[in-house]
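Below is the file model36.tsv, which contains TSV, C-alpha atoms.
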```tsv
chain	number	residue	atom	x	y	z
A	109	MET	CA	43.98	-21.67	1.15
A	110	SER	CA	40.70	-23.18	2.30
A	111	ALA	CA	37.14	-22.63	1.12
A	112	GLY	CA	36.19	-21.46	4.60
A	113	VAL	CA	35.51	-18.02	5.98
A	114	ALA	CA	38.09	-16.69	8.41
A	115	VAL	CA	36.97	-14.07	10.92
A	116	VAL	CA	39.05	-11.00	11.80
A	117	LEU	CA	37.58	-9.51	14.96
A	118	THR	CA	38.69	-6.02	15.96
A	119	VAL	CA	38.61	-5.48	19.70
A	120	GLY	CA	38.01	-2.02	21.15
A	121	GLY	CA	37.49	-1.19	24.80
A	122	SER	CA	34.70	-3.55	25.85
A	123	GLY	CA	35.34	-6.96	27.35
A	124	PRO	CA	31.64	-7.96	27.30
A	125	ALA	CA	31.40	-7.03	23.60
A	126	LEU	CA	34.40	-9.22	22.80
A	127	LEU	CA	33.00	-12.17	24.77
A	128	ALA	CA	29.54	-11.85	23.16
A	129	THR	CA	30.91	-11.80	19.61
A	130	ALA	CA	33.35	-14.65	20.23
A	131	ALA	CA	30.56	-16.75	21.76
A	132	CYS	CA	28.23	-16.17	18.80
A	133	LEU	CA	30.92	-17.46	16.44
A	134	SER	CA	30.81	-20.85	18.11
A	135	ARG	CA	27.01	-21.18	18.01
A	136	GLY	CA	26.50	-21.35	14.25
A	137	PRO	CA	25.56	-24.51	12.33
A	138	GLU	CA	28.96	-24.59	10.64
A	139	THR	CA	32.16	-25.54	12.34
A	140	ARG	CA	33.85	-22.87	14.40
A	141	PRO	CA	35.52	-20.43	12.02
A	142	GLU	CA	39.18	-19.57	12.02
A	143	LEU	CA	39.48	-16.54	14.32
A	144	VAL	CA	42.07	-13.77	14.55
A	145	LEU	CA	41.61	-10.98	17.08
A	146	VAL	CA	43.08	-7.55	16.42
A	147	ALA	CA	43.56	-5.32	19.44
A	148	ALA	CA	42.49	-1.79	18.58
A	149	ALA	CA	44.86	-0.47	21.24
A	150	SER	CA	47.14	-1.88	23.88
A	151	GLY	CA	45.84	-1.67	27.39
A	152	PRO	CA	43.86	-3.49	30.05
A	153	LEU	CA	42.04	-5.78	27.60
A	154	ALA	CA	45.26	-7.35	26.30
A	155	PRO	CA	45.06	-10.35	28.71
A	156	LEU	CA	41.38	-10.89	27.80
A	157	VAL	CA	42.17	-10.77	24.06
A	158	ALA	CA	44.92	-13.37	24.54
A	159	SER	CA	42.60	-15.54	26.64
A	160	VAL	CA	39.78	-15.46	24.08
A	161	ALA	CA	42.22	-16.21	21.26
A	162	THR	CA	43.47	-19.25	23.18
A	163	ARG	CA	39.98	-20.43	24.18
A	164	TYR	CA	38.75	-20.29	20.57
A	165	SER	CA	41.96	-21.71	19.07
A	166	GLY	CA	42.59	-18.38	17.40
A	167	GLN	CA	45.40	-15.87	17.24
A	168	ALA	CA	45.84	-12.38	18.65
A	169	ILE	CA	47.51	-9.58	16.70
A	170	GLU	CA	49.08	-6.65	18.51
A	171	ALA	CA	47.63	-3.17	18.17
A	172	SER	CA	49.31	-0.73	15.81
A	173	PRO	CA	49.05	3.06	15.53
A	174	ARG	CA	48.16	2.38	11.90
A	175	PRO	CA	45.14	0.02	11.85
A	176	GLY	CA	45.90	-1.21	8.33
A	177	VAL	CA	49.14	-2.77	9.58
A	178	ALA	CA	47.32	-4.88	12.18
A	179	LEU	CA	44.43	-5.76	9.85
A	180	ASN	CA	46.79	-6.90	7.10
A	181	ALA	CA	48.75	-9.00	9.61
A	182	ALA	CA	45.47	-10.58	10.74
A	183	VAL	CA	44.38	-11.42	7.20
A	184	ARG	CA	47.84	-12.86	6.44
A	185	ALA	CA	47.50	-15.06	9.55
A	186	THR	CA	44.35	-16.71	8.17
A	187	ALA	CA	43.93	-19.41	5.55
A	188	GLY	CA	40.34	-18.88	4.39
A	189	ASP	CA	39.46	-17.88	0.83
A	190	LEU	CA	36.95	-15.48	2.37
A	191	VAL	CA	37.60	-13.11	5.27
A	192	ALA	CA	34.93	-11.53	7.46
A	193	CYS	CA	35.86	-8.33	9.30
A	194	LEU	CA	33.78	-7.16	12.21
A	195	PRO	CA	34.22	-5.17	15.39
A	196	ALA	CA	33.61	-6.78	18.77
A	197	GLY	CA	30.03	-6.27	19.88
A	198	PHE	CA	28.43	-7.30	16.58
A	199	LEU	CA	26.72	-10.69	16.63
A	200	LEU	CA	26.48	-12.73	13.46
A	201	ALA	CA	23.30	-14.61	12.57
A	202	PRO	CA	23.78	-18.37	13.05
A	203	ALA	CA	24.00	-19.16	9.31
A	204	PHE	CA	25.72	-15.94	8.23
A	205	LEU	CA	29.09	-17.43	7.30
A	206	GLU	CA	27.44	-20.24	5.33
A	207	ARG	CA	25.28	-17.70	3.48
A	208	CYS	CA	28.45	-15.78	2.60
A	209	ARG	CA	30.07	-18.91	1.17
A	210	GLU	CA	26.94	-19.51	-0.93
A	211	LEU	CA	26.76	-15.90	-2.15
A	212	PHE	CA	30.41	-15.83	-3.20
A	213	ALA	CA	30.04	-19.25	-4.90
A	214	ARG	CA	27.00	-18.06	-6.89
A	215	HIS	CA	28.55	-14.70	-7.78
A	216	PRO	CA	32.22	-15.15	-8.70
A	217	ASP	CA	32.55	-11.44	-9.55
A	218	THR	CA	31.57	-10.34	-6.04
A	219	ALA	CA	34.52	-8.80	-4.19
A	220	VAL	CA	32.81	-7.74	-0.95
A	221	ALA	CA	29.51	-8.57	0.73
A	222	ALA	CA	27.94	-6.64	3.58
A	223	PRO	CA	24.92	-7.75	5.63
A	224	ASP	CA	22.06	-5.94	7.27
A	225	VAL	CA	22.90	-4.93	10.83
A	226	CYS	CA	20.43	-4.82	13.71
A	227	LEU	CA	21.18	-1.84	15.93
A	228	VAL	CA	19.85	-1.98	19.49
A	229	THR	CA	19.75	0.89	21.97
A	230	ARG	CA	21.87	0.54	25.10
A	231	ASP	CA	18.78	-0.07	27.21
A	232	GLY	CA	17.56	-2.75	24.81
A	233	VAL	CA	14.20	-1.07	24.28
A	234	GLY	CA	14.65	0.19	20.72
A	235	SER	CA	16.10	-1.42	17.65
A	236	ALA	CA	16.35	-0.85	13.91
A	237	ILE	CA	17.69	-2.73	10.92
A	238	TRP	CA	20.39	-0.91	8.96
A	239	GLY	CA	21.43	-2.11	5.52
A	240	PRO	CA	24.26	-0.68	3.45
A	241	PRO	CA	22.34	1.69	1.15
A	242	ALA	CA	24.70	1.89	-1.82
A	243	LEU	CA	27.85	-0.16	-2.09
A	244	ASP	CA	29.18	1.80	-5.01
A	245	ALA	CA	31.82	4.52	-5.33
A	246	SER	CA	29.36	7.44	-5.54
A	247	GLY	CA	27.43	6.26	-2.50
A	248	LEU	CA	30.58	5.71	-0.46
A	249	LEU	CA	32.02	9.07	-1.49
A	250	ALA	CA	28.76	10.84	-0.63
A	251	ASP	CA	28.71	9.39	2.88
A	252	PRO	CA	31.60	7.44	4.47
A	253	ALA	CA	29.14	6.25	7.16
A	254	ARG	CA	27.64	3.99	4.48
A	255	THR	CA	30.59	1.67	4.96
A	256	ALA	CA	29.25	-1.44	6.59
A	257	PRO	CA	30.73	-2.24	10.01
A	258	VAL	CA	30.63	-5.95	9.10
A	259	PHE	CA	31.82	-7.12	5.68
A	260	VAL	CA	33.28	-10.18	3.98
A	261	PHE	CA	35.79	-10.12	1.13
A	262	ARG	CA	37.67	-12.52	-1.08
A	263	ARG	CA	41.28	-13.03	-0.08
A	264	ALA	CA	42.30	-12.89	-3.76
A	265	VAL	CA	40.70	-9.43	-4.07
A	266	TRP	CA	42.45	-8.24	-0.90
A	267	GLN	CA	45.78	-9.47	-2.30
A	268	ALA	CA	45.21	-7.87	-5.72
A	269	ALA	CA	44.28	-4.56	-4.05
A	270	GLY	CA	47.42	-4.59	-1.90
A	271	GLY	CA	45.47	-5.09	1.33
A	272	PHE	CA	44.41	-2.36	3.71
A	273	ASP	CA	46.27	0.95	3.45
A	274	GLU	CA	49.02	0.83	6.07
A	275	GLN	CA	49.69	4.58	5.99
A	276	LEU	CA	46.26	5.70	7.24
A	277	GLU	CA	45.55	6.33	10.91
A	278	GLY	CA	41.83	5.59	10.53
A	279	LEU	CA	39.03	4.79	8.10
A	280	VAL	CA	40.99	1.88	6.64
A	281	GLU	CA	37.91	-0.28	6.09
A	282	TYR	CA	36.19	2.63	4.32
A	283	GLU	CA	39.23	3.33	2.14
A	284	PHE	CA	39.54	-0.38	1.24
A	285	CYS	CA	35.89	-0.64	0.13
A	286	LEU	CA	36.08	2.68	-1.70
A	287	ARG	CA	39.24	1.61	-3.54
A	288	LEU	CA	37.53	-1.60	-4.63
A	289	ALA	CA	34.42	0.28	-5.76
A	290	LEU	CA	36.51	2.79	-7.72
A	291	ASP	CA	38.26	-0.15	-9.37
A	292	GLY	CA	34.86	-1.40	-10.56
A	293	ARG	CA	34.71	-4.37	-8.18
A	294	SER	CA	31.31	-5.73	-7.20
A	295	LEU	CA	30.19	-5.00	-3.65
A	296	GLN	CA	27.01	-6.88	-2.73
A	297	HIS	CA	24.40	-6.31	-0.05
A	298	LEU	CA	23.56	-9.57	1.75
A	299	PRO	CA	20.02	-8.93	3.10
A	300	GLY	CA	18.54	-10.56	6.16
```

Using the file provided, produce a representation of the structure as structure tokens.
Amino acid sequence: MSAGVAVVLTVGGSGPALLATAACLSRGPETRPELVLVAAASGPLAPLVASVATRYSGQAIEASPRPGVALNAAVRATAGDLVACLPAGFLLAPAFLERCRELFARHPDTAVAAPDVCLVTRDGVGSAIWGPPALDASGLLADPARTAPVFVFRRAVWQAAGGFDEQLEGLVEYEFCLRLALDGRSLQHLPG
């Protein structure tokens, strides 16, 4: 395993979203991260997913009716000690991955970190910053929407937890974070 952060990028139905997120990953101050793309469904974007994976020296994982199967395959395909999961369309701040490495190095008990997310209206006129309000079991149980769309976890924690649940047909990221919180693992908010 390496001390780097691998990126697992889930790809839905938007080619421009995929291209924007992939491009932002190559603009940071650190070297280009290891990238694995997970198709959310088979369909017309499959050639684009394969092309982006090739262009960024990454890998593409086939869609599965059970998202946990594809996400676990993507994590297994990486070598980083830390894994960032994000859906296409989210853009990471230039130093985000480096800040994650620093946070996890300073806090060895941290299992998962989630950043603030800037949400922008489709027309680009309005925006707001959303931060994960409570990354604890009671907060997650009270509102599954509190699950951050972008989060980073330790590979060792993922392995110890048995990975993402491969039986679920949805909400696998939520269930993973909830399971960690219920197990008493530390989930940190990474502001800014």

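When all atoms listed in the file are used to compute distances to Leu194 of chain A, the closest of the residues A:Thr255, A:Gln267, A:Ser294, A:Ser134 turns out to be A:Thr255.
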
| said: I'd like the contact shell of segment 207-212 of chain A - 10 Å cut-off, all atoms listed in the file, skipping same-chain residues fewer than 5 positions apart - returned as an MDAnalysis selection string. | reply: chainID A and resid 111:113 189:192 201:202 217:223 259:262 296 298

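The coordinates place atom CA of Pro240 of chain A at 15.6 Å from atom CA of Glu283 of chain A.
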
| message | Which polymer residues, whether protein, DNA or RNA, lie within 6 Å of the coordinate (21.5, -1.5, 12.9) when you count all atoms listed in the file? List them as a PyMOL selection string, using the chain letters and numbers from the file. | response | chain A and resi 225-227+236-238

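Note that atom CA of Ser122 of chain A and atom CA of Gly232 of chain A are 17.2 Å apart.
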
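When atom CA of Thr129 of chain A is paired with atom CA of Leu200 of chain A, their separation reads 7.6 Å.
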
| request: May I have the residues within 10 Å of Ala253 of chain A as a list in words, using all atoms listed in the file and disregarding those fewer than 5 positions away in the same chain? | output: Pro240, Gly247, Leu248 and Tyr282 of chain A

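The shell of residues at most 12 Å from Ser159 of chain A, with only C-alpha atoms counted and near chain neighbours (fewer than 3 positions) removed, consists of Gly123, Leu126, Leu127, Ala130, Leu145, Leu153, Ala154, Pro155, Leu156, Thr162, Arg163, Tyr164, Ser165, Gly166, Gln167 and Ala168 of chain A.
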
| Contact residues around Ser172 of chain A with only C-alpha atoms at 12 Å, ignoring same-chain residues under 4 positions, as JSON, numbers by chain | {"A": [118, 146, 147, 148, 149, 150, 176, 177, 178, 179, 180, 181, 182, 274, 275, 276, 277, 278]}

| message | Report as JSON, numbers by chain all protein, DNA and RNA residues lying within 9 Å of Val183 of chain A, evaluated on only C-alpha atoms, omitting residues in the same chain fewer than 4 positions from it. | response | {"A": [114, 115, 116, 144, 178, 179, 187, 188, 191, 263, 266, 271]}

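For the residues A:Asp251, A:Ala245, A:Pro257, A:His215, ranking by smallest atom-to-atom distance to Asp291 of chain A using only C-alpha atoms places A:Ala245 first.
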
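Minimum atom-to-atom distances from A:Ala171, A:Val258, A:Ala269, A:Ala131 to Phe198 of chain A were compared using all atoms listed in the file, and the lowest value belongs to A:Val258.
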
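When only C-alpha atoms are used to measure the gap to Pro195 of chain A, the shortest distance among A:Gly121, A:Arg174, A:Asp224, A:Thr229 belongs to A:Gly121.
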
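The nearest approach to Glu206 of chain A among the residues A:Arg140, A:Gly292, A:Cys193, A:Phe272, with only C-alpha atoms taken into account, belongs to A:Arg140.
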
| note | With distances taken over only C-alpha atoms, the candidate from A:Val228, A:Leu279, A:Val233, A:Ala213 nearest Pro252 of chain A is A:Leu279
